[in-house]
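> Can you read through this structure? Questions will come right after.
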Amino acid sequence: MTEFARNQWYVAAFADEVGRDLLARTLLGEPVVLYRTEADGRVVALADRCVHRRFPLSASSLDGDRVVCGYHGFTYDTTGTCVAVPGQARVPRTARVAAYPAVEQDTLVWVWIGDPERADPLAIPRAPHLADPGMTTVRGMEPIDCDYGLLVDNLMDLSHETYLHGGYIGTPEVAETPITTEVDEAAAVVRVSRHMPDAECPPFYARSTGIAGRITRRQDIEYHAPCLYLLHSAITPVHQEQPVFRTEITYAITPAAPGKVYDFWAVSRDFAVDDAEVTDFLRDFNHQVVMQDVDALNLLQRALDDEPPGYQELSINIDAGGLAARRVLAALAAEPHRAPDPADAAPAAHDGASPAQGVHATGNAG
């Protein structure tokens with residue numbers, strides 16, 4: 001099972017998922033409730049268990065910017081401090097829940113589960129195309145019942161497109177074309193490239209671009225461990241320099257708990273940006289591709305669970321990117337960490353944030 005790197009930023013939601021309704025997510029085994037404040041609309045992330053009898057706060061209600069537990073009425077402010085309890089004026093000093101640093105950037109909500117003193121919003125990797133007005137994006141999220149390292153493996157080795165996604169995005173050239181791999185250990189970034197000068201045009205591109213013949217196809221992966229995966233994809237009719245159809249594929253790989261992962265996905269394009277038919281096609285088509293991965297990874301996890309101890313895994317050249325990602329993830333997970341303690345004093349504000357979050361930033365493309 002892939003160990004969790006706790007002192008890292010993870011995507012908890014798409015920005016438009018978080019509003020005045022309480023949203024439950026589980027990150028690295030920690031239940032979290034998300035909502036926006038009335039005053040300035042910033043995102044609040046609190047531990048999703050009442051300190052009294054562990055009732056989920058996400059199944060409770062908001063009174064202004066305070067969460068009122070739906071079981072016994074314990075009331076929490078945005079710092080996680082309990083400010084009211086039923087039947088008595090004095091609130092126990094230890095009545096508080098953890099408040100997690102949260103940052104909204106590039107239409108994603110990032111949350112930090114580790115040591116709050118190490119939560120630097122400038123360390124969050126960028127995906128500016130998600131908020132670029134010159135691109136159109138479709139997206140979704142699927143939970144998968146597998147180790148999150150299996151999803152990383154899946155995305156780092158795109159040769160599986162030929163076999164698992166044939167008739168969608170896969171063609172023979174994807175599996176046949178060698179890859180190049182680069183690793184930046186210090187930045188925890190792995191890059192894998194596959195350039196196909198003369199390839200079949202799969203339905204994903206043929207139906208969205210109108211190309212009828214063969215294509216030059218580039219796949220350049222940029223994996224910012226542990227969470228953000230970017231696939232810079234570009235195609236053009238073979239033996240032509242123009243037009244170039246650019247697609248940015250984004251995955252946020254967020255472990256929910258051991259053996260469970262959130263698969264946030266998005267497809268952004270710079271062509272036919274106002275064509276609703278193309279948008280609907282790419283949303284539905286890519287969702288089918290994602291569900292093929294979901295089914296395969298659920299099956300793979302069940303198969304691995306049945307393997308006897310000490311089974312030997314075989315790797316080949318196409319696994320270079322995935323193996324590099326495993327090494328980077330192991331190094332990040334090995335770093336010492338201190339989990340947030342609800343009894344700690346609220347962290348100092350940063351960048352205009354309230355003490356509840358310690359840090360808060362909003363960023364868009366550009």
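Order determines the names: the first chain of the structure tokens is A, the second B, and so forth; residues in each chain are numbered 1 upward, and ligands are numbered 1 upward as they are shown.
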Any idea what's packed within 12 Å of Tyr205 of chain A, counting only C-alpha atoms, ignoring anything in its chain fewer than 5 positions away? Could you give it as a count of residues only?
32
> With distances taken over only C-alpha atoms, which of A:Ile221, A:Ala252, A:Ala99, A:Leu155 is nearest to Phe14 of chain A?
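With only C-alpha atoms as the atom set, the closest residue is A:Ala252.
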> Just list as a list in words whatever in segment 159-278 of chain A DSSP marks as helix (DSSP H, G or I).
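Residues meeting the helix (DSSP H, G or I) criterion: Ser159, His160, Glu161, Thr162, Tyr163, Leu164, Pro172, Glu173, Val174, Ala175, Glu176, Pro203, Phe204, Tyr205, Ala206, Arg207, Ser208, Thr209, Ala276, Glu277 and Val278 of chain A.
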> Excluding segment 23-34 of chain A and any residue of its chain fewer than 4 positions from it, enumerate the residues within 7 Å of it, using only C-alpha atoms, and give them as a PDB file with C-alpha atoms, in the first residue's frame.

```
ATOM      1  CA  PHE A   4       0.614   8.909   2.436  1.00  0.00           C
ATOM      2  CA  ALA A  12     -10.392  18.342  -1.931  1.00  0.00           C
ATOM      3  CA  VAL A  18     -17.973  24.304  -2.269  1.00  0.00           C
ATOM      4  CA  VAL A  43     -13.293  28.264   1.868  1.00  0.00           C
ATOM      5  CA  VAL A  44     -13.240  26.814   5.372  1.00  0.00           C
ATOM      6  CA  ALA A  45     -12.030  23.247   6.013  1.00  0.00           C
ATOM      7  CA  LEU A  46     -12.691  21.675   9.420  1.00  0.00           C
ATOM      8  CA  ALA A  47     -12.434  18.185  10.847  1.00  0.00           C
ATOM      9  CA  ASP A  48     -15.789  16.557  10.120  1.00  0.00           C
ATOM     10  CA  LEU A  57     -20.517  18.093  11.030  1.00  0.00           C
ATOM     11  CA  SER A  58     -21.187  17.703   7.307  1.00  0.00           C
ATOM     12  CA  PRO A 255      -6.011   9.581  -1.512  1.00  0.00           C
ATOM     13  CA  ALA A 256      -9.161   9.393   0.583  1.00  0.00           C
ATOM     14  CA  ALA A 257      -8.114   6.501   2.819  1.00  0.00           C
TER      15      ALA A 257
END
```
> Near Thr107 of chain A, within 7 Å and counting only C-alpha atoms, which residues show up once chain neighbours fewer than 5 positions away are dropped, as a ChimeraX atom specification?
/A:14-15,130-131
> Which of these, A:Asn317, A:Ser193, A:Thr136, A:Asn298, has the shortest distance to Asp270 of chain A once you count only C-alpha atoms?
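Smallest separation from Asp270 of chain A among the options: A:Thr136.
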> Set the distance at 10 Å and use only C-alpha atoms: which residues neighbour Gly41 of chain A once local chain neighbours fewer than 3 positions away are removed? I'd like the list as JSON, numbers by chain.
{"A": [18, 19, 20, 35, 36, 37, 38, 44]}
> Go ahead and write the selection's residues with C-alpha atoms as a short mmCIF file (atom, residue, chain, number, x, y, z; two decimals), in the first residue's frame.

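Final output, saved to out-v3.cif:
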```
data_model
loop_
_atom_site.label_atom_id
_atom_site.label_comp_id
_atom_site.auth_asym_id
_atom_site.auth_seq_id
_atom_site.Cartn_x
_atom_site.Cartn_y
_atom_site.Cartn_z
CA VAL A 18 -17.97 24.30 -2.27
CA GLY A 19 -20.72 26.68 -1.26
CA ARG A 20 -23.09 27.26 1.64
CA TYR A 35 -18.01 25.37 3.19
CA ARG A 36 -17.77 29.05 2.23
CA THR A 37 -18.13 32.01 4.56
CA GLU A 38 -20.94 34.50 4.07
CA VAL A 44 -13.24 26.81 5.37
#
```
